[in-house]
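Visitor: Before we start, here is the structure in question, set down as structure tokens.
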Amino acid sequence: MTLRYVQGLALVCALLGFSVFFYKQAVLGLPLTEDASRSAWTIEASLRFEARPGPIKAALRVPALTPGFATLSENSVAGGYGYDIGYEDGGRRAQWAVRRASGEQRLYYRVVVYGDPSIEEADTTPPFPDPPNLTEPERTAALELVEEVRQQSADAASLVSALLRRVNDPTPDENVALLFEGRRGGTRRMSMLIDLLAYARVPARSVRGLLLKDEQRNAPIATYLEIHDGVEWLFFDPSSGSQGLPDNFFAWSRGLETLATVQGGSGLELNFAVRRSQLDSLDVATNRAEQRGSLLMTFSLFSLPIQTQAVYSVLLMIPIGALVMVLLRNFVGVQTFGTFMPVLIALAFRETDLLAGVILFTLLTGLGLAIRFLLERLRLLLVPRLTAVLIIVVLLMLSISVIAHQLGLETGLSVALFPMVIIAMTIERMSVIWEERGAQDAMKAGAGSLLVAALAYLVMGIDALEYLFFTFPELLLVILAFVLLCGRYSGYRLSELRRFGVLSRKDS
Amino acid sequence: MLWGHKLKDSGVIGLNERNANYITALNSRRLYPRVDNKRLTKSLAAAAGMAVPELYAVAESQGDVRGLPETLAQHKSFVVKPASGSGGDGILVIDGRYGGNYRLINGELMPESALLHHTSNIVSGQFSLTGQPDIALIEYRVQFDSVFDEISYRGVPDIRIIVYRGYPVMAMVRLPTRQSDGKANLHQGAVGAGVDLATGLTMSASSGNLRVRDHPDTLTPIAGHQVPHWGRILDIAATGYEVSGLGYLGVDIVIDKDLGPLMLEMNARPGLNIQIANDAGLKPRFAVIDAVLKDGAADNEPEARARASVELMQPFSPR
Ligand SMILES: Nc1ncnc2c1ncn2[C@@H]1O[C@H](COP(=O)(O)OP(=O)(O)O)[C@@H](O)[C@H]1O
Ligand SMILES: [Mg+2]
């Protein structure tokens with residue numbers, strides 16, 4: 001009956017823990033291990049110009065649709081300027097304004113992005129473009145060229161390829177020569193390409209962006225032709241005619257308009273700098289959770305101040321230490337003092353490191369125990385006796401520290417970090433067991449406590465675990481479920497196999 | 001069950017199983033004071049007609065301690081013990097007087113002032129583990145029967161019986177050794193000898209986790225000694241259930257030369273070494289009792305249960 005109940009409860013806890021864990025891991029993408037970090041790029045656009053008298057308004061096209069990349073953060077550094085981001089057709093625009101300024105002005109727009117293949121061109125299907133208004137004789141040439149190209153192609157993609165092949169031909173035919181006279185590069189050439197495709201009823205636009213590389217102080221802008229084949233957007237390199245985008249192409253903006261403009265300033269220079277950094281995947285996940293409006297991350301430990309986080313990352317390991325304790329006590333049958341004493345000792349070891357901790361601890365308890373037996377003769381009552389032991393422990397700690405320092409042993413100083421109450425309690429319990437059940441039992445329990453403490457310390461010190469439980473505290477529910485089940489474990493302890501050994505060798 | 005299939009086959013109960021399946025299920029915490037407070041145990045036991053060492057006096061306060069000498073004057077020998085002590089702590093066994101002093105069983109002499117001081121320490125809680133103020137009991141000193149002299153070293157053997165849901169199911173005699181310093185504590189090296197529940201004859205024996213044949217000090221074979229008054233002992237044990245209400249109970253009984261078996265104390269968490277002493281696991285015996293109780297044939301009278309047990313445990317007899 002109760003067993004069923006416990007099992008049910010454990011199942012609920014485990015399911016709850018695992019499902020939150022799974023959601024955070026698989027859906028929000030929280031990494032399982034700490035170093036699962038990816039590259040992030042910080043792209044900084046800087047506008048530089050001379051201020052003229054009067055109000056200044058500057059604008060910069062900024063990224064909106066960025067296939068293959070997700071934005072982590074964007075911000076602007078521009079002292080004294082009002083800053084805001086607005087939408088206009090074809091993209092987003094950052095705007096700065098100030099009533100007056102003088103001298104050289106620098107405005108920065110910074111965006112941090114990371115590769116995320118799940119982000120695709122999520123754009124609406126554009127309407128068929130209206131035929132452009134070209135004047136004769138260009139209009140006739142354009143129509144002829146488009147008609148020829150159409151003959152040679154099967155669909156939008158092959159049409160664009162064929163067109164680009166014709167346009168890029170080193171010995172162009174006369175239609176191409178006429179149309180692209182004086183438009184060998186840049187915006188006007190792109191504009192003509194878009195016009196030609198409009199005659200072919202293929203929606204097209206220009207996309208400008210950056211090829212993200214490790215460290216670029218002056219990153220060049222690359223321009224691609226983007227066409228819609230009725231299903232999706234396709235990219236073409238207008239000068240080579242090849243289809244597709246290179247890896248790490250970050251689409252900055254669409255359209256043919258200039259990227260940056262300024263009113264009330266002169267000599268505008270636009271410069272892009274790119275820097276690669278290690279991306280903490282946690283930031284990505286947190287960001288993603290925010291985008292999805294998930295409250296899980298808002299209420300996560302990461303929202304706490306850094307200092308509090310540090311406390312919690314230790315606190316969260318205590319249940320793990322206690323779990324080690326449960327396993328060793330109930331499954332192996334190691335004898336210890338008190339229930340949580342070894343876990344507390346393990347916590348103390350964190351301050352000293354294991355070897356020094358064990359030595360100091362043994363030293364302190366040994367000395368304390370000796371003195372406790374002297375006190376025993378005085379036949380004191382429990383509370384004053386404990387207090388006396390506590391005072392002596394403090395005195396011992398003091399002298400160990402001083403002596404170790406004189407000897408030049410710095411670890412001796414860390415003895416001060418040992419929680420003296422824990423030591424005093426250990427001494428007291430040990431001496432009680434010593435008297436009631438003899439020295440052997442006391443030693444056994446003492447060694448057992450130290451063993452459990454050392455193991456708990458080692459397990460609690462596994463960084464990966466610490467990270468795991470800090471990131472996914474809900475896993476504690478799984479531990480809880482396991483401990484609940486342990487609470488109903490009625491099998492033998494390993495030590496009992498030896499204890500009752502004579503009974504199992506019987507062949508009946 | 002992770003390991004120990006062989007052990008399981010012999011029906012041995014481990015600590016986990018004892019705690020998880022028996023103590024939590026059968027022993028309500030509410031009832032613990034009945035066995036942990038020796039004064040309460042004694043009065044409940046007396047009310048149930050169970051034979052216990054007579055209580056001479058009780059010291060509940062320091063004032064009571066000062067009035068003690070008058071009571072003590074009426075008794076040649078007596079025992080002073082803390083009501084909530086354990087492990088024999090704080091127990092003084094006085095077996096006579098020599099001059100103005102009290103004589104302890106080991107021959108040591110103790111002036112009255114020291115005895116009173118000890119008693120006042122008991123009252124102020126020196127021997128209770130929690131440090132709570134306690135009560136000192138002055139009771140009849142048991143004159144131990146000499147039946148076990150051959151197989152014990154000094155000290156006082158006592159009989160431990162496990163009572164499951166009111167039915168005695170397993171028994172052993174704890175025999176002091178030189179190693180146990182005359183104490184009947186298995187932990188400290190006393191020998192535990194299984195007793196055939198049906199006949200009261202000693203059987204196999206164990207020391208620590210090992211099987212032994214002879215007493216380590218007297219070198220006499222342990223098996224084959226008859227525990228006297230066996231029927232009454234079983235009655236007392238069965239009555240322990242009425243007195244304590246505990247479904248899984250250990251009853252400690254000593255045998256007085258003149259008064260016969262007397263219940264000394266009861267235990268809500270009896271140890272498991274009795275299984276080693278008996279060379280048998282407890283579980284099959286519990287199963288027999290569970291089966292009987294399921295048929296609704298529960299006996300309300302302790303004596304009836306004691307007799308039923310003798311029958312029910314027959315299959316587990318060595319012959
Ligand atoms: N009335 C008594 N007469 C003689 N010896 C006693 C008496 N009471 C206790 N003792 C001795 O003290 C030991 C421990 O007593 P017990 O009542 O079992 O207390 P504890 O709970 O401390 O074990 C017994 O095994 C016995 O040797
Ligand atoms: Mg006892």
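Ordering of the structure tokens sets the chain letters (A, B, ...); residue numbers start at 1 within each chain; ligands are numbered from 1 in the order shown.
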Would you tabulate, counting only C-alpha atoms and all ligand atoms, all residues of chain B that have an atom at most 10 Å from an atom of ligand 1, showing the closest pair of atoms and their distance in Å to one decimal, sorted by chain then ascending number, as CSV?
Guide:
residue,atom,partner,partner_atom_place_in_ligand_line,distance
B:Val35,CA,ligand 1,21 (O),9.5
B:Asp36,CA,ligand 1,21 (O),8.1
B:Asn37,CA,ligand 1,21 (O),9.3
B:Lys38,CA,ligand 1,17 (O),7.7
B:Val52,CA,ligand 1,1 (N),8.5
B:Pro53,CA,ligand 1,1 (N),5.6
B:Glu54,CA,ligand 1,1 (N),8.1
B:Leu55,CA,ligand 1,1 (N),8.9
B:Ser77,CA,ligand 1,3 (N),9.2
B:Phe78,CA,ligand 1,1 (N),7.1
B:Val79,CA,ligand 1,1 (N),5.5
B:Val80,CA,ligand 1,8 (N),8.0
B:Lys81,CA,ligand 1,8 (N),7.3
B:Pro82,CA,ligand 1,22 (O),8.0
B:Ala83,CA,ligand 1,21 (O),8.5
B:Ser84,CA,ligand 1,21 (O),7.5
B:Gly85,CA,ligand 1,22 (O),5.2
B:Ser86,CA,ligand 1,22 (O),3.5
B:Gly87,CA,ligand 1,22 (O),4.0
B:Gly88,CA,ligand 1,22 (O),3.2
B:Asp89,CA,ligand 1,22 (O),5.4
B:Gly90,CA,ligand 1,22 (O),7.7
B:Ile91,CA,ligand 1,12 (O),6.1
B:Leu92,CA,ligand 1,12 (O),7.9
B:Val93,CA,ligand 1,5 (N),6.1
B:Ile94,CA,ligand 1,4 (C),8.7
B:Asp95,CA,ligand 1,4 (C),9.1
B:Ile105,CA,ligand 1,5 (N),9.5
B:Phe127,CA,ligand 1,22 (O),9.6
B:Leu137,CA,ligand 1,1 (N),9.8
B:Ile138,CA,ligand 1,1 (N),8.5
B:Glu139,CA,ligand 1,1 (N),5.8
B:Tyr140,CA,ligand 1,1 (N),5.2
B:Arg141,CA,ligand 1,3 (N),3.7
B:Val142,CA,ligand 1,3 (N),3.9
B:Gln143,CA,ligand 1,4 (C),7.0
B:Phe144,CA,ligand 1,4 (C),7.7
B:Gly155,CA,ligand 1,27 (O),6.6
B:Val156,CA,ligand 1,27 (O),5.2
B:Pro157,CA,ligand 1,25 (O),7.4
B:Asp158,CA,ligand 1,25 (O),6.7
B:Ile159,CA,ligand 1,25 (O),9.8
B:Arg174,CA,ligand 1,25 (O),9.4
B:Pro176,CA,ligand 1,27 (O),9.5
B:Gly182,CA,ligand 1,27 (O),8.3
B:Lys183,CA,ligand 1,27 (O),6.4
B:Ala184,CA,ligand 1,25 (O),5.8
B:Asn185,CA,ligand 1,25 (O),7.8
B:Val251,CA,ligand 1,18 (O),10.0
B:Asp252,CA,ligand 1,18 (O),7.2
B:Ile253,CA,ligand 1,18 (O),9.1
B:Val254,CA,ligand 1,25 (O),8.3
B:Asp256,CA,ligand 1,3 (N),9.0
B:Leu262,CA,ligand 1,1 (N),9.1
B:Met263,CA,ligand 1,17 (O),9.1
B:Leu264,CA,ligand 1,17 (O),5.3
B:Glu265,CA,ligand 1,17 (O),5.4
B:Met266,CA,ligand 1,18 (O),8.2
B:Asn267,CA,ligand 1,21 (O),8.5
Visitor: Should the cut-off be 10 Å, what would the residue list for chain A against chain B look like, counting only C-alpha atoms, as a PyMOL selection string?
Guide: chain A and resi 2-3+329-331+333+379-383+432+435-438+440-441+486-508
Visitor: Keeping only N, CA and C atoms, write the selected residues as a CSV table (one decimal), in the first residue's frame.
Guide:
chain,number,residue,atom,x,y,z
A,2,THR,N,1.6,1.5,1.1
A,2,THR,CA,2.4,2.6,1.2
A,2,THR,C,3.5,2.6,0.1
A,3,LEU,N,3.9,1.3,-0.2
A,3,LEU,CA,4.9,1.2,-1.2
A,3,LEU,C,4.4,1.7,-2.5
A,329,ARG,N,25.2,4.6,3.2
A,329,ARG,CA,24.6,4.1,4.5
A,329,ARG,C,23.6,3.0,4.2
A,330,ASN,N,22.7,3.2,3.3
A,330,ASN,CA,21.6,2.2,3.2
A,330,ASN,C,21.9,1.0,2.3
A,331,PHE,N,22.8,1.2,1.4
A,331,PHE,CA,23.1,0.2,0.4
A,331,PHE,C,24.4,-0.5,0.7
A,333,GLY,N,26.1,0.2,3.8
A,333,GLY,CA,26.1,-0.1,5.3
A,333,GLY,C,27.3,0.5,6.0
A,379,ARG,N,32.4,15.0,34.9
A,379,ARG,CA,31.0,14.6,34.9
A,379,ARG,C,30.1,15.9,34.7
A,380,LEU,N,30.3,16.5,33.6
A,380,LEU,CA,29.5,17.7,33.3
A,380,LEU,C,28.2,17.4,32.7
A,381,LEU,N,27.2,18.3,32.8
A,381,LEU,CA,26.0,18.1,32.1
A,381,LEU,C,26.1,18.4,30.6
A,382,LEU,N,25.2,17.9,29.8
A,382,LEU,CA,25.3,17.8,28.4
A,382,LEU,C,25.7,19.2,27.8
A,383,VAL,N,24.8,20.2,28.0
A,383,VAL,CA,25.0,21.5,27.3
A,383,VAL,C,26.3,22.2,27.7
A,432,VAL,N,30.7,9.7,22.7
A,432,VAL,CA,29.5,8.9,23.2
A,432,VAL,C,29.5,7.5,22.7
A,435,GLU,N,32.2,5.4,24.5
A,435,GLU,CA,31.9,5.0,25.8
A,435,GLU,C,30.8,3.9,25.7
A,436,GLU,N,29.8,4.1,24.9
A,436,GLU,CA,28.7,3.1,24.9
A,436,GLU,C,29.1,1.8,24.2
A,437,ARG,N,29.8,1.9,23.1
A,437,ARG,CA,30.0,0.7,22.3
A,437,ARG,C,31.5,0.4,22.1
A,438,GLY,N,32.3,1.1,22.7
A,438,GLY,CA,33.7,0.8,22.7
A,438,GLY,C,34.5,1.5,21.6
A,440,GLN,N,36.4,0.5,19.3
A,440,GLN,CA,36.4,-0.1,17.9
A,440,GLN,C,35.2,0.5,17.1
A,441,ASP,N,34.1,0.5,17.7
A,441,ASP,CA,32.9,1.1,17.0
A,441,ASP,C,33.1,2.6,16.7
A,486,CYS,N,14.6,4.9,-2.4
A,486,CYS,CA,15.6,4.3,-1.5
A,486,CYS,C,15.0,4.1,-0.1
A,487,GLY,N,14.1,5.1,0.3
A,487,GLY,CA,13.5,5.0,1.6
A,487,GLY,C,12.7,3.8,1.8
A,488,ARG,N,12.3,3.1,0.7
A,488,ARG,CA,11.5,1.9,0.8
A,488,ARG,C,12.4,0.7,0.4
A,489,TYR,N,13.7,0.9,0.3
A,489,TYR,CA,14.5,-0.3,-0.1
A,489,TYR,C,14.7,-1.2,1.1
A,490,SER,N,14.3,-2.4,0.9
A,490,SER,CA,14.3,-3.3,2.1
A,490,SER,C,15.3,-4.4,1.9
A,491,GLY,N,16.1,-4.3,0.9
A,491,GLY,CA,17.1,-5.3,0.7
A,491,GLY,C,18.3,-5.2,1.7
A,492,TYR,N,19.3,-6.1,1.5
A,492,TYR,CA,20.4,-6.1,2.4
A,492,TYR,C,21.3,-4.9,2.1
A,493,ARG,N,22.1,-4.6,3.1
A,493,ARG,CA,23.2,-3.7,2.9
A,493,ARG,C,24.4,-4.6,2.6
A,494,LEU,N,25.3,-4.1,1.8
A,494,LEU,CA,26.5,-4.9,1.5
A,494,LEU,C,27.2,-5.4,2.7
A,495,SER,N,27.3,-4.6,3.7
A,495,SER,CA,28.0,-5.0,4.9
A,495,SER,C,27.3,-6.2,5.6
A,496,GLU,N,26.0,-6.3,5.4
A,496,GLU,CA,25.3,-7.4,6.0
A,496,GLU,C,25.5,-8.7,5.4
A,497,LEU,N,26.0,-8.7,4.2
A,497,LEU,CA,26.4,-10.0,3.5
A,497,LEU,C,27.5,-10.6,4.3
A,498,ARG,N,28.4,-9.8,4.9
A,498,ARG,CA,29.4,-10.3,5.7
A,498,ARG,C,28.9,-10.7,7.1
A,499,ARG,N,28.1,-9.7,7.6
A,499,ARG,CA,27.6,-9.9,8.9
A,499,ARG,C,26.8,-11.2,9.1
A,500,PHE,N,25.9,-11.4,8.1
A,500,PHE,CA,25.1,-12.6,8.1
A,500,PHE,C,25.7,-13.7,7.3
A,501,GLY,N,26.9,-13.6,7.0
A,501,GLY,CA,27.6,-14.6,6.1
A,501,GLY,C,27.4,-16.0,6.5
A,502,VAL,N,27.5,-16.3,7.8
A,502,VAL,CA,27.3,-17.7,8.2
A,502,VAL,C,26.0,-18.2,7.9
A,503,LEU,N,25.0,-17.4,7.8
A,503,LEU,CA,23.6,-17.8,7.5
A,503,LEU,C,23.4,-18.2,6.0
A,504,SER,N,24.2,-17.5,5.2
A,504,SER,CA,23.9,-17.8,3.7
A,504,SER,C,24.8,-19.0,3.2
A,505,ARG,N,25.8,-19.3,4.0
A,505,ARG,CA,26.6,-20.4,3.6
A,505,ARG,C,25.9,-21.8,3.8
A,506,LYS,N,24.8,-21.6,4.6
A,506,LYS,CA,24.1,-22.8,5.0
A,506,LYS,C,23.4,-23.4,3.7
A,507,ASP,N,23.5,-24.7,3.5
A,507,ASP,CA,22.8,-25.2,2.3
A,507,ASP,C,21.5,-25.9,2.6
A,508,SER,N,20.5,-25.1,2.8
A,508,SER,CA,19.2,-25.7,3.1
A,508,SER,C,18.1,-25.1,2.2
Visitor: Which of region 86-324 of chain A end up as helix (DSSP H, G or I) when DSSP is run on this backbone - answer as a PyMOL selection string?
Guide: chain A and resi 138-151+156-168+174-180+186-199+281-291+295-298+301-303+306-315+318-324
Visitor: Write the residues of the preceding selection, restricted to C-alpha atoms, as an mmCIF file, in the first residue's frame.
Guide:
data_model
loop_
_atom_site.group_PDB
_atom_site.id
_atom_site.type_symbol
_atom_site.label_atom_id
_atom_site.label_comp_id
_atom_site.auth_asym_id
_atom_site.auth_seq_id
_atom_site.Cartn_x
_atom_site.Cartn_y
_atom_site.Cartn_z
ATOM 1 C CA GLU A 138 16.076 50.197 -73.447
ATOM 2 C CA ARG A 139 12.543 48.888 -73.131
ATOM 3 C CA THR A 140 12.731 46.965 -76.408
ATOM 4 C CA ALA A 141 16.204 45.657 -75.615
ATOM 5 C CA ALA A 142 15.014 44.501 -72.204
ATOM 6 C CA LEU A 143 11.964 42.730 -73.570
ATOM 7 C CA GLU A 144 14.033 40.969 -76.219
ATOM 8 C CA LEU A 145 16.661 39.909 -73.751
ATOM 9 C CA VAL A 146 14.087 38.593 -71.294
ATOM 10 C CA GLU A 147 12.265 36.744 -74.045
ATOM 11 C CA GLU A 148 15.495 35.056 -75.184
ATOM 12 C CA VAL A 149 16.450 34.114 -71.698
ATOM 13 C CA ARG A 150 12.999 32.761 -71.001
ATOM 14 C CA GLN A 151 13.308 30.493 -74.038
ATOM 15 C CA ALA A 156 12.736 31.139 -62.193
ATOM 16 C CA ALA A 157 16.086 29.865 -60.947
ATOM 17 C CA SER A 158 17.331 28.773 -64.341
ATOM 18 C CA LEU A 159 16.001 31.984 -65.824
ATOM 19 C CA VAL A 160 18.078 34.037 -63.421
ATOM 20 C CA SER A 161 21.135 31.884 -64.124
ATOM 21 C CA ALA A 162 20.708 32.312 -67.841
ATOM 22 C CA LEU A 163 20.202 36.036 -67.510
ATOM 23 C CA LEU A 164 23.301 36.452 -65.367
ATOM 24 C CA ARG A 165 25.300 34.367 -67.821
ATOM 25 C CA ARG A 166 24.259 36.681 -70.600
ATOM 26 C CA VAL A 167 24.914 39.825 -68.600
ATOM 27 C CA ASN A 168 28.300 38.628 -67.388
ATOM 28 C CA GLU A 174 24.122 44.288 -78.281
ATOM 29 C CA ASN A 175 21.016 44.214 -76.063
ATOM 30 C CA VAL A 176 23.128 43.599 -72.997
ATOM 31 C CA ALA A 177 25.660 46.165 -74.083
ATOM 32 C CA LEU A 178 22.902 48.733 -74.517
ATOM 33 C CA LEU A 179 21.201 48.006 -71.235
ATOM 34 C CA PHE A 180 24.347 47.888 -69.094
ATOM 35 C CA GLY A 186 27.100 48.736 -58.095
ATOM 36 C CA THR A 187 23.598 49.807 -57.460
ATOM 37 C CA ARG A 188 22.624 50.763 -60.948
ATOM 38 C CA ARG A 189 23.572 47.432 -62.395
ATOM 39 C CA MET A 190 21.622 45.694 -59.659
ATOM 40 C CA SER A 191 18.675 47.972 -60.290
ATOM 41 C CA MET A 192 18.720 47.044 -63.988
ATOM 42 C CA LEU A 193 18.845 43.337 -63.139
ATOM 43 C CA ILE A 194 15.826 43.740 -60.906
ATOM 44 C CA ASP A 195 14.006 45.618 -63.662
ATOM 45 C CA LEU A 196 14.796 42.886 -66.194
ATOM 46 C CA LEU A 197 13.508 40.239 -63.798
ATOM 47 C CA ALA A 198 10.382 42.313 -63.297
ATOM 48 C CA TYR A 199 9.686 41.988 -67.020
ATOM 49 C CA SER A 281 25.157 28.906 -25.078
ATOM 50 C CA LEU A 282 23.293 29.771 -21.961
ATOM 51 C CA ASP A 283 22.850 33.290 -23.218
ATOM 52 C CA VAL A 284 21.473 31.880 -26.422
ATOM 53 C CA ALA A 285 18.989 29.714 -24.593
ATOM 54 C CA THR A 286 17.986 32.501 -22.276
ATOM 55 C CA ASN A 287 17.510 34.680 -25.306
ATOM 56 C CA ARG A 288 15.487 32.049 -27.063
ATOM 57 C CA ALA A 289 13.315 31.543 -23.997
ATOM 58 C CA GLU A 290 12.680 35.256 -23.882
ATOM 59 C CA GLN A 291 11.694 35.279 -27.496
ATOM 60 C CA LEU A 295 8.743 32.127 -17.942
ATOM 61 C CA LEU A 296 11.086 29.265 -17.100
ATOM 62 C CA MET A 297 14.187 31.278 -17.721
ATOM 63 C CA THR A 298 12.787 34.407 -16.148
ATOM 64 C CA LEU A 301 18.696 30.947 -11.058
ATOM 65 C CA PHE A 302 20.424 32.919 -13.780
ATOM 66 C CA SER A 303 18.177 35.841 -13.032
ATOM 67 C CA ILE A 306 26.003 36.740 -9.562
ATOM 68 C CA GLN A 307 26.951 36.516 -5.912
ATOM 69 C CA THR A 308 23.747 34.750 -4.938
ATOM 70 C CA GLN A 309 24.243 32.419 -7.871
ATOM 71 C CA ALA A 310 27.548 31.324 -6.405
ATOM 72 C CA VAL A 311 25.887 30.481 -3.100
ATOM 73 C CA TYR A 312 23.219 28.473 -4.846
ATOM 74 C CA SER A 313 25.602 26.513 -6.956
ATOM 75 C CA VAL A 314 27.094 25.222 -3.682
ATOM 76 C CA LEU A 315 23.740 24.748 -1.996
ATOM 77 C CA ILE A 318 24.353 19.452 -0.842
ATOM 78 C CA PRO A 319 21.532 17.133 -1.909
ATOM 79 C CA ILE A 320 24.030 15.326 -4.111
ATOM 80 C CA GLY A 321 26.335 14.867 -1.154
ATOM 81 C CA ALA A 322 23.391 13.634 0.865
ATOM 82 C CA LEU A 323 22.564 11.201 -1.914
ATOM 83 C CA VAL A 324 26.067 9.746 -1.716
#
Visitor: Can you list, as an MDAnalysis selection string, all residues belonging to region 124-224 of chain B that DSSP tags as strand (DSSP E)?
Guide: chainID B and resid 136:140 158:164 167:175 191:195 202:207 210:212
Visitor: Compile the contact shell of Ile479 (chain A) as an MDAnalysis selection string: residues with an atom at most 12 Å away, counting only C-alpha atoms, same-chain residues fewer than 2 positions apart removed.
Guide: chainID A and resid 10:11 13:18 316:324 326:327 469 473:477 481:486
Visitor: Of the candidates B:Ile23, B:Ala47, B:Val310, B:Val227, which one gets nearest to Ile289 (chain B) if we count only C-alpha atoms?
Guide: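 The closest residue to Ile289 (chain B) is B:Val310.
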Visitor: So how many Å separate CA of Tyr102 (chain B) and CA of Ala59 (chain B), to one decimal?
Guide: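 Separation between CA of Tyr102 (chain B) and CA of Ala59 (chain B): 18.4 Å.
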Visitor: Neighbours of Leu234 (chain B) within 10 Å (only C-alpha atoms; same-chain residues fewer than 5 positions away dropped), as a compact mmCIF listing (two decimals) with C-alpha atoms, in the first residue's frame?
Guide:
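Dumped to selection18.txt:
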# COMPACT_ATOMS: atom_id res chain seq x y z
CA ILE B 161 12.88 -12.85 22.94
CA VAL B 163 7.79 -10.95 19.90
CA TYR B 167 3.68 -14.05 19.35
CA PRO B 168 7.16 -15.01 20.57
CA VAL B 169 9.06 -16.11 17.47
CA ALA B 171 14.85 -16.39 21.46
CA LEU B 197 11.42 -21.81 21.21
CA ALA B 198 9.54 -25.06 21.67
CA GLY B 200 13.84 -23.86 25.90
CA HIS B 229 10.79 -21.74 33.63
CA THR B 239 2.49 -10.13 27.62
CA GLY B 240 5.09 -7.60 26.44
CA VAL B 251 11.78 -8.45 25.53
CA ILE B 253 14.19 -11.35 30.72
CA PRO B 261 11.79 -14.99 35.37
CA PRO B 302 -0.93 -13.73 26.07
CA GLU B 303 -0.68 -17.21 27.56
CA ARG B 305 -0.45 -16.90 22.19
CA ALA B 306 2.66 -18.19 23.95
CA ARG B 307 1.29 -21.72 23.68
CA SER B 309 3.77 -20.00 19.33
CA VAL B 310 5.28 -23.19 20.68
Visitor: Point out the residue among B:Arg30, B:Lys283, B:Lys294, B:Arg269 with the least atom-to-atom distance to ligand 2, counting only C-alpha atoms and all ligand atoms.
Guide: B:Arg269
Visitor: Please determine, counting only C-alpha atoms, which residue among B:Thr177, B:Ser61, B:Ser152, B:Ser28 has the shortest atom-to-atom distance to Leu116 (chain B).
Guide: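 Distance minimum relative to Leu116 (chain B) lands on B:Ser61.
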Visitor: Might you pull out every residue within 12 Å of Leu259 (chain A), with only C-alpha atoms counted and same-chain residues fewer than 3 positions away left off, and present them as a ChimeraX atom specification?
Guide: /A:45-47,58-63,90-95,187,207-209,221,252-256,262,268-272
